[in-house]
Amino acid sequence: MKKEPFFWVTVSCGFVIGAFILLPLIEMMTAPSASMLKKTIQDKEVVKSIWLSIYTAGSAASISFVVGTPFAYLLARTDFRGKRLVEGIIDLPIVIPHPVVGIAILSVAGRGHWLGRLFEELGIRIMGSVTGIIAVLTFVGLPFYINAAKSGFESISPRLEKVSRSLGASVVSTFCRITVPLAWRSMLVGIIMCSARAISEFGAVVIVAYHPMIAPVMIYERFEAYGLKYSQPVAVWLVFICLALFLILRVLTLRRPRQA
Amino acid sequence: MITIEDLTVRLPGFSLRDINLRIEEHDFFILMGPTGAGKTVLLEALAGLIPATAGKIFIGKKDITRLPPEKRDVSIVYQDFALFPHLTVRENITYGLHFHKIGTAESKKRLSCMLELLNLSHLQKRVPTNLSGGEKQRVSLARALMVNPKVLLLDEPLSSLDPGFREEVRNMIKKLHKDSRATFLMVTHDFAEALSLAGKAAILNRGMVEQIGSIEEIFQRPSSAFVADFVGMKNLFSAEFRGTKTCIDGLEIELEREPANSHGYIAIRPEDIVLSREILHSSMRNSFSGTVAGVVDQGFYYEVKVRVGKTVFNSLITKSSLVELAICEGSDIFLSFKATAIHNF
């Protein structure tokens, strides 16, 4: 059968999009020579910044998991007036421009704000600290975790939980024995999305903490100071390590034994 | 005994109002009503899964109105089975034991007893996804009864099953009720189910109780036009079965097959009863002569009441047949129906 012209339009669009995404990435990944890559990974500062990126993004994902899970469950299971508004607020960090996020966080963490003064008295520093970076990354990553976990919880029939309760399980036991085992896939996807978002953040972090330097900031600095050639190897290493980490996480959790 | 006093449950867009029910211990109580009548809401309120807005619920002498579901000793079986998909059949059945202080020996004994009773032994290592509807519902029943509940709530447990499995599970429920000490409370919209299982029943409509009584009573003496309309099936007679024959008030009626029970009910849909002036020589095995006791205009159809001995049958015929047969009150008429048109239970 002869294909409609529209079919060829859709296919060509696919090719354009594929090339648009892959071409720059492949070009960047293949640009640095092997010796250049080796030299870069021996650079202590590079290793330190990549490690800091992973550590802060992981912390942001953990915080999102701990605080976000109960809240996502609440949003999935209850209906209340203003729920749409609350959901809109959760999504705010996704739509706000990144530098604005940094500025917004600084405006409550500075000395001009009572919260900033409270932090100072407690010895917590936001500006130019790891704490500050984690705060920023949690801010931008949280919505991704909450939304993924929420849709996971929503897909579980409340009847399963009702039956569990009627069989003698408390709310907490029901959550641990029924809800989480059935929703863990969505929760995992949420954690991956949240950390991926956090690890890629630049605009907000650079305002709150230029130092200590996370990998995206270091890539930017190398680019500014030495040019494209010197920023590429760092970028390649960051991409490699992130992909490897997500792959390991995925494999580890998928290999869970399943009873026949 | 379950006592429900002035129970009111208010939900967005629906409310259950002033429900008063007394259900004797170890009774098999049926709740009936049209869709949206509040049957499931009442069950879930009893289980503590929906909070009561007002009123009280007692099990025995204990007020359970404010108790959380896990402290009520009330198990629930849903129409869609609600089996835990990540657990095996065995893990599903033993799920409730984690939360009850029961020794290993005792729980093993209970499990093997339950597996045997519900014929599930060969399935215990399987996951629920691939089981048939009947098997799923048996697992769900086993899971609910493992914890020895005081009350078992059944929310239309048979309606999502294939007709073939329906009778099997129905008989199983009947047997389980006989063997256990629990009070059963079941929602259904099928009268055959209700009659074969229940002692007493209540009809619910728009969040209120329309009528409470024995099934037979509700059938034969509906207290409101709503109940009369709801029970629909007009020709219902209690009957003694002897082989393929049955006797109702001296009339001998031929059945299609020999029923398993010796005492029960037969029902014939009014549209299955054929009226004629002369005796019909056809395949219809049941033919009687009677007199017309009344004619009611039903719009497109006429409902003709025919008295045969002490029994009154209801028949539906078209207006043209009415004219053709020249039916009027007091006229003699023959009525016939096929043996296959008789529902017995």
# chains A, B, ... in the order shown; residues from 1 in each chain; ligands from 1
>>> interface_residues(of="chain B", to="chain A", cutoff="6 Å", atoms="only C-alpha atoms", output="PyMOL selection string")
chain B and resi 69-70+75+82+96+99
>>> residues_around(residues="Ser15 (chain B)", least_positions_apart="5", cutoff="12 Å", atoms="only C-alpha atoms", output="ChimeraX atom specification")
/B:7-10,36-42,45,50-54,205-208
>>> write_last_selection(atoms="all heavy atoms", output="tab-separated table (two decimals), in the first residue's frame")
chain	number	residue	atom	x	y	z
B	7	LEU	N	-27.87	5.20	62.04
B	7	LEU	CA	-26.59	5.46	61.38
B	7	LEU	C	-26.76	6.43	60.21
B	7	LEU	O	-27.60	6.24	59.34
B	7	LEU	CB	-25.97	4.15	60.87
B	7	LEU	CG	-24.64	4.28	60.16
B	7	LEU	CD1	-23.54	4.63	61.16
B	7	LEU	CD2	-24.29	3.01	59.41
B	8	THR	N	-25.95	7.48	60.24
B	8	THR	CA	-25.93	8.43	59.13
B	8	THR	C	-24.49	8.56	58.65
B	8	THR	O	-23.57	8.70	59.45
B	8	THR	CB	-26.46	9.80	59.58
B	8	THR	OG1	-27.84	9.65	59.93
B	8	THR	CG2	-26.35	10.84	58.47
B	9	VAL	N	-24.30	8.45	57.35
B	9	VAL	CA	-22.98	8.64	56.76
B	9	VAL	C	-23.12	9.68	55.66
B	9	VAL	O	-23.86	9.47	54.71
B	9	VAL	CB	-22.42	7.33	56.16
B	9	VAL	CG1	-21.08	7.58	55.50
B	9	VAL	CG2	-22.31	6.25	57.22
B	10	ARG	N	-22.44	10.79	55.84
B	10	ARG	CA	-22.52	11.84	54.82
B	10	ARG	C	-21.25	11.85	53.99
B	10	ARG	O	-20.16	11.94	54.50
B	10	ARG	CB	-22.77	13.20	55.47
B	10	ARG	CG	-24.05	13.84	54.93
B	10	ARG	CD	-24.43	15.09	55.69
B	10	ARG	NE	-25.57	14.83	56.57
B	10	ARG	CZ	-25.60	15.10	57.85
B	10	ARG	NH1	-24.56	15.63	58.44
B	10	ARG	NH2	-26.68	14.85	58.57
B	36	GLY	N	-26.36	2.54	43.48
B	36	GLY	CA	-26.37	3.87	44.10
B	36	GLY	C	-27.27	3.96	45.31
B	36	GLY	O	-27.53	5.04	45.82
B	37	ALA	N	-27.74	2.81	45.80
B	37	ALA	CA	-28.63	2.83	46.96
B	37	ALA	C	-27.85	3.00	48.25
B	37	ALA	O	-28.41	3.35	49.28
B	37	ALA	CB	-29.45	1.54	47.02
B	38	GLY	N	-26.54	2.75	48.19
B	38	GLY	CA	-25.72	2.90	49.40
B	38	GLY	C	-25.34	1.60	50.07
B	38	GLY	O	-24.93	1.59	51.22
B	39	LYS	N	-25.47	0.50	49.33
B	39	LYS	CA	-25.16	-0.81	49.93
B	39	LYS	C	-23.68	-0.91	50.32
B	39	LYS	O	-23.35	-1.31	51.44
B	39	LYS	CB	-25.50	-1.93	48.93
B	39	LYS	CG	-26.97	-2.00	48.58
B	39	LYS	CD	-27.19	-2.78	47.30
B	39	LYS	CE	-26.66	-2.03	46.12
B	39	LYS	NZ	-26.84	-2.64	44.83
B	40	THR	N	-22.81	-0.56	49.37
B	40	THR	CA	-21.38	-0.65	49.66
B	40	THR	C	-20.96	0.34	50.75
B	40	THR	O	-20.14	0.02	51.60
B	40	THR	CB	-20.56	-0.40	48.37
B	40	THR	OG1	-20.99	-1.34	47.39
B	40	THR	CG2	-19.09	-0.58	48.60
B	41	VAL	N	-21.58	1.53	50.73
B	41	VAL	CA	-21.28	2.52	51.77
B	41	VAL	C	-21.63	1.96	53.15
B	41	VAL	O	-20.85	2.08	54.10
B	41	VAL	CB	-22.04	3.84	51.51
B	41	VAL	CG1	-21.82	4.82	52.66
B	41	VAL	CG2	-21.61	4.46	50.20
B	42	LEU	N	-22.78	1.29	53.23
B	42	LEU	CA	-23.19	0.71	54.52
B	42	LEU	C	-22.17	-0.35	54.96
B	42	LEU	O	-21.77	-0.39	56.12
B	42	LEU	CB	-24.60	0.12	54.40
B	42	LEU	CG	-25.16	-0.52	55.66
B	42	LEU	CD1	-25.12	0.43	56.85
B	42	LEU	CD2	-26.59	-1.01	55.45
B	45	ALA	N	-19.02	1.34	56.09
B	45	ALA	CA	-19.21	2.00	57.38
B	45	ALA	C	-19.15	0.98	58.50
B	45	ALA	O	-18.58	1.22	59.56
B	45	ALA	CB	-20.54	2.75	57.40
B	50	ILE	N	-15.32	3.83	56.24
B	50	ILE	CA	-15.89	5.16	56.05
B	50	ILE	C	-16.42	5.59	57.41
B	50	ILE	O	-17.13	4.83	58.05
B	50	ILE	CB	-17.07	5.13	55.03
B	50	ILE	CG1	-16.59	4.65	53.66
B	50	ILE	CG2	-17.71	6.49	54.91
B	50	ILE	CD1	-17.71	4.53	52.65
B	51	PRO	N	-16.07	6.79	57.88
B	51	PRO	CA	-16.52	7.18	59.22
B	51	PRO	C	-18.02	7.48	59.25
B	51	PRO	O	-18.57	8.01	58.29
B	51	PRO	CB	-15.69	8.44	59.50
B	51	PRO	CG	-15.29	8.96	58.16
B	51	PRO	CD	-15.19	7.79	57.24
B	52	ALA	N	-18.63	7.11	60.36
B	52	ALA	CA	-20.05	7.42	60.55
B	52	ALA	C	-20.18	8.88	60.95
B	52	ALA	O	-19.42	9.38	61.77
B	52	ALA	CB	-20.62	6.52	61.63
B	53	THR	N	-21.14	9.58	60.34
B	53	THR	CA	-21.36	10.97	60.70
B	53	THR	C	-22.15	11.05	62.01
B	53	THR	O	-21.88	11.88	62.86
B	53	THR	CB	-22.14	11.70	59.59
B	53	THR	OG1	-21.55	11.34	58.33
B	53	THR	CG2	-22.07	13.20	59.75
B	54	ALA	N	-23.14	10.16	62.14
B	54	ALA	CA	-23.93	10.12	63.37
B	54	ALA	C	-24.44	8.70	63.55
B	54	ALA	O	-24.41	7.90	62.62
B	54	ALA	CB	-25.09	11.11	63.29
B	205	ASN	N	-32.78	1.91	49.44
B	205	ASN	CA	-33.01	2.77	48.30
B	205	ASN	C	-32.64	4.19	48.66
B	205	ASN	O	-33.06	4.71	49.68
B	205	ASN	CB	-34.48	2.69	47.87
B	205	ASN	CG	-34.75	3.52	46.63
B	205	ASN	OD1	-33.88	3.64	45.78
B	205	ASN	ND2	-35.93	4.09	46.55
B	206	ARG	N	-31.82	4.82	47.87
B	206	ARG	CA	-31.37	6.20	48.07
B	206	ARG	C	-30.93	6.47	49.49
B	206	ARG	O	-31.31	7.46	50.12
B	206	ARG	CB	-32.50	7.16	47.70
B	206	ARG	CG	-32.75	7.14	46.21
B	206	ARG	CD	-33.47	8.40	45.80
B	206	ARG	NE	-34.44	8.13	44.77
B	206	ARG	CZ	-35.62	8.71	44.68
B	206	ARG	NH1	-36.00	9.58	45.60
B	206	ARG	NH2	-36.43	8.42	43.71
B	207	GLY	N	-30.13	5.56	50.01
B	207	GLY	CA	-29.54	5.79	51.32
B	207	GLY	C	-30.45	5.52	52.49
B	207	GLY	O	-30.12	5.84	53.63
B	208	MET	N	-31.63	4.94	52.23
B	208	MET	CA	-32.52	4.62	53.34
B	208	MET	C	-33.02	3.19	53.23
B	208	MET	O	-33.07	2.63	52.14
B	208	MET	CB	-33.71	5.58	53.36
B	208	MET	CG	-33.27	7.00	53.57
B	208	MET	SD	-34.54	8.01	54.31
B	208	MET	CE	-35.59	8.28	52.97
>>> residues_around(residues="Asn119 (chain B)", least_positions_apart="4", cutoff="9 Å", atoms="only C-alpha atoms", output="ChimeraX atom specification")
/B:114-115,123,135,138
>>> residues_around(residues="Ile76 (chain B)", least_positions_apart="3", cutoff="8 Å", atoms="only C-alpha atoms", output="PyMOL selection string")
(chain A and resi 163+166) or (chain B and resi 47+144+152-155)
>>> write_last_selection(atoms="N, CA, C and O atoms", output="mmCIF file, in the first residue's frame")
data_model
loop_
_atom_site.group_PDB
_atom_site.id
_atom_site.type_symbol
_atom_site.label_atom_id
_atom_site.label_comp_id
_atom_site.auth_asym_id
_atom_site.auth_seq_id
_atom_site.Cartn_x
_atom_site.Cartn_y
_atom_site.Cartn_z
ATOM 1 N N VAL A 163 -8.951 -3.689 52.480
ATOM 2 C CA VAL A 163 -8.950 -5.096 52.881
ATOM 3 C C VAL A 163 -7.868 -5.326 53.928
ATOM 4 O O VAL A 163 -8.095 -5.973 54.945
ATOM 5 N N SER A 166 -8.970 -4.133 57.237
ATOM 6 C CA SER A 166 -10.006 -4.976 57.848
ATOM 7 C C SER A 166 -9.416 -6.294 58.344
ATOM 8 O O SER A 166 -9.998 -6.960 59.195
ATOM 9 N N ALA B 47 -17.430 -1.743 58.419
ATOM 10 C CA ALA B 47 -16.039 -2.175 58.537
ATOM 11 C C ALA B 47 -15.144 -1.064 59.079
ATOM 12 O O ALA B 47 -13.976 -1.299 59.355
ATOM 13 N N ALA B 144 -10.354 -13.671 54.095
ATOM 14 C CA ALA B 144 -11.239 -12.963 55.024
ATOM 15 C C ALA B 144 -11.558 -13.817 56.253
ATOM 16 O O ALA B 144 -11.679 -13.303 57.357
ATOM 17 N N LEU B 152 -18.586 -11.189 58.593
ATOM 18 C CA LEU B 152 -18.011 -11.205 57.245
ATOM 19 C C LEU B 152 -18.930 -10.411 56.321
ATOM 20 O O LEU B 152 -20.121 -10.706 56.205
ATOM 21 N N LEU B 153 -18.351 -9.394 55.681
ATOM 22 C CA LEU B 153 -19.122 -8.579 54.750
ATOM 23 C C LEU B 153 -18.799 -9.028 53.332
ATOM 24 O O LEU B 153 -17.638 -9.180 52.971
ATOM 25 N N LEU B 154 -19.833 -9.263 52.538
ATOM 26 C CA LEU B 154 -19.628 -9.713 51.163
ATOM 27 C C LEU B 154 -20.286 -8.718 50.225
ATOM 28 O O LEU B 154 -21.500 -8.548 50.243
ATOM 29 N N ASP B 155 -19.473 -8.041 49.416
ATOM 30 C CA ASP B 155 -20.009 -7.021 48.517
ATOM 31 C C ASP B 155 -20.170 -7.598 47.124
ATOM 32 O O ASP B 155 -19.210 -7.643 46.352
#
>>> select_by_dssp(residues="region 67-257 of chain A", states="helix (DSSP H, G or I)", output="PDB file with C-alpha atoms, in the first residue's frame")
ATOM      1  CA  VAL A  67       9.520  14.204  53.113  1.00  0.00           C
ATOM      2  CA  GLY A  68       7.816  13.693  49.775  1.00  0.00           C
ATOM      3  CA  THR A  69       6.576  10.114  50.192  1.00  0.00           C
ATOM      4  CA  PRO A  70       4.004  10.751  52.956  1.00  0.00           C
ATOM      5  CA  PHE A  71       2.874  13.940  51.276  1.00  0.00           C
ATOM      6  CA  ALA A  72       2.529  12.289  47.859  1.00  0.00           C
ATOM      7  CA  TYR A  73       0.445   9.583  49.553  1.00  0.00           C
ATOM      8  CA  LEU A  74      -1.794  12.210  51.133  1.00  0.00           C
ATOM      9  CA  LEU A  75      -2.309  13.892  47.756  1.00  0.00           C
ATOM     10  CA  ALA A  76      -3.068  10.560  46.080  1.00  0.00           C
ATOM     11  CA  ARG A  77      -5.603   9.390  48.660  1.00  0.00           C
ATOM     12  CA  LYS A  83      -6.091  20.459  46.279  1.00  0.00           C
ATOM     13  CA  ARG A  84      -5.524  21.809  42.765  1.00  0.00           C
ATOM     14  CA  LEU A  85      -3.890  24.872  44.285  1.00  0.00           C
ATOM     15  CA  VAL A  86      -1.565  22.713  46.407  1.00  0.00           C
ATOM     16  CA  GLU A  87      -0.641  20.658  43.343  1.00  0.00           C
ATOM     17  CA  GLY A  88       0.054  23.888  41.471  1.00  0.00           C
ATOM     18  CA  ILE A  89       2.354  25.048  44.280  1.00  0.00           C
ATOM     19  CA  ILE A  90       4.251  21.725  44.130  1.00  0.00           C
ATOM     20  CA  ASP A  91       4.835  22.304  40.407  1.00  0.00           C
ATOM     21  CA  LEU A  92       6.093  25.876  40.860  1.00  0.00           C
ATOM     22  CA  PRO A  93       9.816  24.980  41.033  1.00  0.00           C
ATOM     23  CA  ILE A  94       9.492  23.359  37.589  1.00  0.00           C
ATOM     24  CA  VAL A  95       8.279  26.542  35.902  1.00  0.00           C
ATOM     25  CA  HIS A  98      16.546  28.710  37.526  1.00  0.00           C
ATOM     26  CA  PRO A  99      18.415  31.869  38.587  1.00  0.00           C
ATOM     27  CA  VAL A 100      15.195  33.122  40.157  1.00  0.00           C
ATOM     28  CA  VAL A 101      15.131  29.997  42.339  1.00  0.00           C
ATOM     29  CA  GLY A 102      18.632  30.849  43.576  1.00  0.00           C
ATOM     30  CA  ILE A 103      17.708  34.431  44.289  1.00  0.00           C
ATOM     31  CA  ALA A 104      14.494  33.357  46.048  1.00  0.00           C
ATOM     32  CA  ILE A 105      16.376  30.982  48.332  1.00  0.00           C
ATOM     33  CA  LEU A 106      18.996  33.565  49.149  1.00  0.00           C
ATOM     34  CA  SER A 107      16.318  36.082  50.047  1.00  0.00           C
ATOM     35  CA  VAL A 108      15.125  33.954  52.982  1.00  0.00           C
ATOM     36  CA  ALA A 109      18.607  32.698  53.883  1.00  0.00           C
ATOM     37  CA  TRP A 114      14.383  36.246  60.316  1.00  0.00           C
ATOM     38  CA  LEU A 115      14.854  32.715  58.974  1.00  0.00           C
ATOM     39  CA  GLY A 116      18.354  33.644  57.795  1.00  0.00           C
ATOM     40  CA  ARG A 117      19.179  35.061  61.237  1.00  0.00           C
ATOM     41  CA  LEU A 118      17.818  31.906  62.873  1.00  0.00           C
ATOM     42  CA  PHE A 119      20.029  29.767  60.610  1.00  0.00           C
ATOM     43  CA  GLU A 120      23.007  31.921  61.467  1.00  0.00           C
ATOM     44  CA  GLU A 121      22.386  31.484  65.192  1.00  0.00           C
ATOM     45  CA  LEU A 122      22.180  27.738  64.674  1.00  0.00           C
ATOM     46  CA  VAL A 130      27.144  22.338  50.638  1.00  0.00           C
ATOM     47  CA  THR A 131      23.997  22.855  52.730  1.00  0.00           C
ATOM     48  CA  GLY A 132      22.999  25.659  50.377  1.00  0.00           C
ATOM     49  CA  ILE A 133      23.570  23.485  47.311  1.00  0.00           C
ATOM     50  CA  ILE A 134      21.479  20.658  48.777  1.00  0.00           C
ATOM     51  CA  ALA A 135      18.711  23.144  49.632  1.00  0.00           C
ATOM     52  CA  VAL A 136      18.651  24.423  46.053  1.00  0.00           C
ATOM     53  CA  LEU A 137      18.725  20.947  44.501  1.00  0.00           C
ATOM     54  CA  THR A 138      15.935  19.732  46.772  1.00  0.00           C
ATOM     55  CA  PHE A 139      13.892  22.761  45.775  1.00  0.00           C
ATOM     56  CA  VAL A 140      14.174  21.980  42.061  1.00  0.00           C
ATOM     57  CA  GLY A 141      14.016  18.158  42.339  1.00  0.00           C
ATOM     58  CA  LEU A 142      11.172  17.682  44.846  1.00  0.00           C
ATOM     59  CA  PRO A 143       8.274  18.161  42.363  1.00  0.00           C
ATOM     60  CA  PHE A 144       9.589  15.365  40.154  1.00  0.00           C
ATOM     61  CA  TYR A 145       9.652  12.898  43.017  1.00  0.00           C
ATOM     62  CA  ILE A 146       6.275  13.920  44.446  1.00  0.00           C
ATOM     63  CA  ASN A 147       4.511  13.729  41.077  1.00  0.00           C
ATOM     64  CA  ALA A 148       5.946  10.313  40.204  1.00  0.00           C
ATOM     65  CA  ALA A 149       5.231   8.832  43.634  1.00  0.00           C
ATOM     66  CA  LYS A 150       1.728  10.317  43.657  1.00  0.00           C
ATOM     67  CA  SER A 151       0.783   8.759  40.338  1.00  0.00           C
ATOM     68  CA  GLY A 152       2.190   5.456  41.609  1.00  0.00           C
ATOM     69  CA  PHE A 153       0.011   5.584  44.723  1.00  0.00           C
ATOM     70  CA  GLU A 154      -3.016   6.627  42.676  1.00  0.00           C
ATOM     71  CA  PRO A 158      -7.760   1.822  47.681  1.00  0.00           C
ATOM     72  CA  ARG A 159      -9.680  -1.428  48.172  1.00  0.00           C
ATOM     73  CA  LEU A 160      -6.419  -3.305  48.668  1.00  0.00           C
ATOM     74  CA  GLU A 161      -5.621  -1.008  51.569  1.00  0.00           C
ATOM     75  CA  LYS A 162      -9.158  -1.306  52.897  1.00  0.00           C
ATOM     76  CA  VAL A 163      -8.950  -5.096  52.881  1.00  0.00           C
ATOM     77  CA  SER A 164      -5.586  -4.920  54.622  1.00  0.00           C
ATOM     78  CA  ARG A 165      -7.026  -2.696  57.342  1.00  0.00           C
ATOM     79  CA  SER A 166     -10.006  -4.976  57.848  1.00  0.00           C
ATOM     80  CA  VAL A 171      -2.327   2.367  58.651  1.00  0.00           C
ATOM     81  CA  VAL A 172       1.470   2.132  58.881  1.00  0.00           C
ATOM     82  CA  SER A 173       1.597  -1.661  58.397  1.00  0.00           C
ATOM     83  CA  THR A 174      -0.736  -1.362  55.420  1.00  0.00           C
ATOM     84  CA  PHE A 175       1.466   1.312  53.890  1.00  0.00           C
ATOM     85  CA  CYS A 176       4.618  -0.760  54.356  1.00  0.00           C
ATOM     86  CA  ARG A 177       3.208  -4.152  53.371  1.00  0.00           C
ATOM     87  CA  ILE A 178       0.786  -3.237  50.580  1.00  0.00           C
ATOM     88  CA  THR A 179       1.233   0.297  49.271  1.00  0.00           C
ATOM     89  CA  VAL A 180       5.020   0.540  49.055  1.00  0.00           C
ATOM     90  CA  PRO A 181       5.602  -2.937  47.541  1.00  0.00           C
ATOM     91  CA  LEU A 182       3.082  -2.085  44.831  1.00  0.00           C
ATOM     92  CA  ALA A 183       4.271   1.475  44.194  1.00  0.00           C
ATOM     93  CA  TRP A 184       8.045   1.053  44.510  1.00  0.00           C
ATOM     94  CA  ARG A 185       8.591   1.196  40.762  1.00  0.00           C
ATOM     95  CA  SER A 186       7.000   4.632  40.527  1.00  0.00           C
ATOM     96  CA  MET A 187       8.875   5.739  43.628  1.00  0.00           C
ATOM     97  CA  LEU A 188      12.150   4.607  42.059  1.00  0.00           C
ATOM     98  CA  VAL A 189      11.367   6.429  38.839  1.00  0.00           C
ATOM     99  CA  GLY A 190      10.652   9.478  40.989  1.00  0.00           C
ATOM    100  CA  ILE A 191      14.021   9.191  42.746  1.00  0.00           C
ATOM    101  CA  ILE A 192      15.836   8.870  39.414  1.00  0.00           C
ATOM    102  CA  MET A 193      13.971  11.825  37.901  1.00  0.00           C
ATOM    103  CA  CYS A 194      14.594  13.911  40.993  1.00  0.00           C
ATOM    104  CA  SER A 195      18.336  13.173  41.110  1.00  0.00           C
ATOM    105  CA  ALA A 196      18.684  13.669  37.354  1.00  0.00           C
ATOM    106  CA  ARG A 197      17.036  17.050  37.650  1.00  0.00           C
ATOM    107  CA  ALA A 198      19.187  17.937  40.650  1.00  0.00           C
ATOM    108  CA  ILE A 199      22.474  16.882  39.078  1.00  0.00           C
ATOM    109  CA  GLY A 203      21.493  28.441  37.231  1.00  0.00           C
ATOM    110  CA  ALA A 204      20.202  28.305  40.799  1.00  0.00           C
ATOM    111  CA  VAL A 205      23.339  26.779  42.284  1.00  0.00           C
ATOM    112  CA  VAL A 206      25.685  29.288  40.739  1.00  0.00           C
ATOM    113  CA  ILE A 207      23.841  32.071  42.564  1.00  0.00           C
ATOM    114  CA  VAL A 208      23.724  30.366  45.956  1.00  0.00           C
ATOM    115  CA  ALA A 215      30.428  19.712  38.209  1.00  0.00           C
ATOM    116  CA  PRO A 216      28.152  21.943  36.079  1.00  0.00           C
ATOM    117  CA  VAL A 217      29.696  25.028  37.657  1.00  0.00           C
ATOM    118  CA  MET A 218      33.188  23.653  37.026  1.00  0.00           C
ATOM    119  CA  ILE A 219      32.286  22.942  33.362  1.00  0.00           C
ATOM    120  CA  TYR A 220      31.077  26.507  33.047  1.00  0.00           C
ATOM    121  CA  GLU A 221      34.209  27.868  34.674  1.00  0.00           C
ATOM    122  CA  ARG A 222      36.546  25.863  32.428  1.00  0.00           C
ATOM    123  CA  PHE A 223      34.584  27.053  29.410  1.00  0.00           C
ATOM    124  CA  GLU A 224      34.810  30.677  30.496  1.00  0.00           C
ATOM    125  CA  ALA A 225      38.478  30.559  31.396  1.00  0.00           C
ATOM    126  CA  TYR A 226      40.024  28.117  28.881  1.00  0.00           C
ATOM    127  CA  LEU A 228      35.357  24.690  24.760  1.00  0.00           C
ATOM    128  CA  LYS A 229      38.190  22.188  24.470  1.00  0.00           C
ATOM    129  CA  TYR A 230      38.857  22.207  28.212  1.00  0.00           C
ATOM    130  CA  SER A 231      35.241  22.024  29.307  1.00  0.00           C
ATOM    131  CA  GLN A 232      34.309  19.041  27.119  1.00  0.00           C
ATOM    132  CA  PRO A 233      36.259  16.298  28.972  1.00  0.00           C
ATOM    133  CA  VAL A 234      34.686  17.271  32.307  1.00  0.00           C
ATOM    134  CA  ALA A 235      31.255  17.175  30.695  1.00  0.00           C
ATOM    135  CA  VAL A 236      31.930  13.732  29.240  1.00  0.00           C
ATOM    136  CA  TRP A 237      32.960  12.363  32.619  1.00  0.00           C
ATOM    137  CA  LEU A 238      29.887  13.824  34.304  1.00  0.00           C
ATOM    138  CA  VAL A 239      27.581  12.266  31.703  1.00  0.00           C
ATOM    139  CA  PHE A 240      29.352   8.888  31.932  1.00  0.00           C
ATOM    140  CA  ILE A 241      29.258   8.703  35.689  1.00  0.00           C
ATOM    141  CA  CYS A 242      25.626   9.775  35.909  1.00  0.00           C
ATOM    142  CA  LEU A 243      24.504   7.268  33.298  1.00  0.00           C
ATOM    143  CA  ALA A 244      26.464   4.524  35.047  1.00  0.00           C
ATOM    144  CA  LEU A 245      24.931   5.391  38.421  1.00  0.00           C
ATOM    145  CA  PHE A 246      21.360   5.406  37.098  1.00  0.00           C
ATOM    146  CA  LEU A 247      21.981   2.145  35.292  1.00  0.00           C
ATOM    147  CA  ILE A 248      23.309   0.488  38.448  1.00  0.00           C
ATOM    148  CA  LEU A 249      20.350   1.762  40.455  1.00  0.00           C
ATOM    149  CA  ARG A 250      17.936   0.432  37.850  1.00  0.00           C
ATOM    150  CA  VAL A 251      19.622  -2.985  37.582  1.00  0.00           C
ATOM    151  CA  LEU A 252      19.921  -3.422  41.336  1.00  0.00           C
ATOM    152  CA  THR A 253      16.240  -2.776  41.919  1.00  0.00           C
ATOM    153  CA  LEU A 254      15.003  -4.741  38.923  1.00  0.00           C
TER     154      LEU A 254
END
>>> closest_residue(among="B:Ile279, B:Ile2, B:Ile342, B:Ile30", to="Gly199 (chain B)", atoms="only C-alpha atoms")
B:Ile30
>>> atom_distance(atom1="CA of Leu111 (chain B)", atom2="CA of Leu176 (chain B)")
14.5 Å
>>> residues_around(residues="Gly133 (chain B)", least_positions_apart="6", cutoff="8 Å", atoms="only C-alpha atoms", output="PyMOL selection string")
chain B and resi 160-162+165
>>> atom_distance(atom1="CA of Val312 (chain B)", atom2="CA of His189 (chain B)")
25.5 Å
>>> residues_around(residues="Asp6 (chain B)", least_positions_apart="2", cutoff="10 Å", atoms="only C-alpha atoms", output="PyMOL selection string")
chain B and resi 3-4+8-9+16-21+54-57
>>> decode(residues="region 74-92 of chain B", atoms="C-alpha atoms", output="PDB file, in the first residue's frame")
ATOM      1  CA  VAL B  74     -14.963  -7.380  60.558  1.00  0.00           C
ATOM      2  CA  SER B  75     -13.644  -8.876  57.300  1.00  0.00           C
ATOM      3  CA  ILE B  76     -14.684  -7.777  53.856  1.00  0.00           C
ATOM      4  CA  VAL B  77     -14.852  -9.537  50.479  1.00  0.00           C
ATOM      5  CA  TYR B  78     -15.229  -7.357  47.396  1.00  0.00           C
ATOM      6  CA  GLN B  79     -16.777  -8.030  44.016  1.00  0.00           C
ATOM      7  CA  ASP B  80     -13.427  -7.399  42.307  1.00  0.00           C
ATOM      8  CA  PHE B  81     -11.659  -9.757  44.785  1.00  0.00           C
ATOM      9  CA  ALA B  82      -9.059  -7.128  45.835  1.00  0.00           C
ATOM     10  CA  LEU B  83      -6.319  -9.738  46.130  1.00  0.00           C
ATOM     11  CA  PHE B  84      -2.825  -8.443  46.842  1.00  0.00           C
ATOM     12  CA  PRO B  85      -1.146  -8.835  43.443  1.00  0.00           C
ATOM     13  CA  HIS B  86       2.402  -8.949  44.836  1.00  0.00           C
ATOM     14  CA  LEU B  87       1.707 -11.856  47.190  1.00  0.00           C
ATOM     15  CA  THR B  88       1.135 -15.523  46.440  1.00  0.00           C
ATOM     16  CA  VAL B  89      -2.191 -17.206  47.138  1.00  0.00           C
ATOM     17  CA  ARG B  90      -0.801 -18.577  50.376  1.00  0.00           C
ATOM     18  CA  GLU B  91       0.607 -15.197  51.439  1.00  0.00           C
ATOM     19  CA  ASN B  92      -2.709 -13.585  50.611  1.00  0.00           C
TER      20      ASN B  92
END
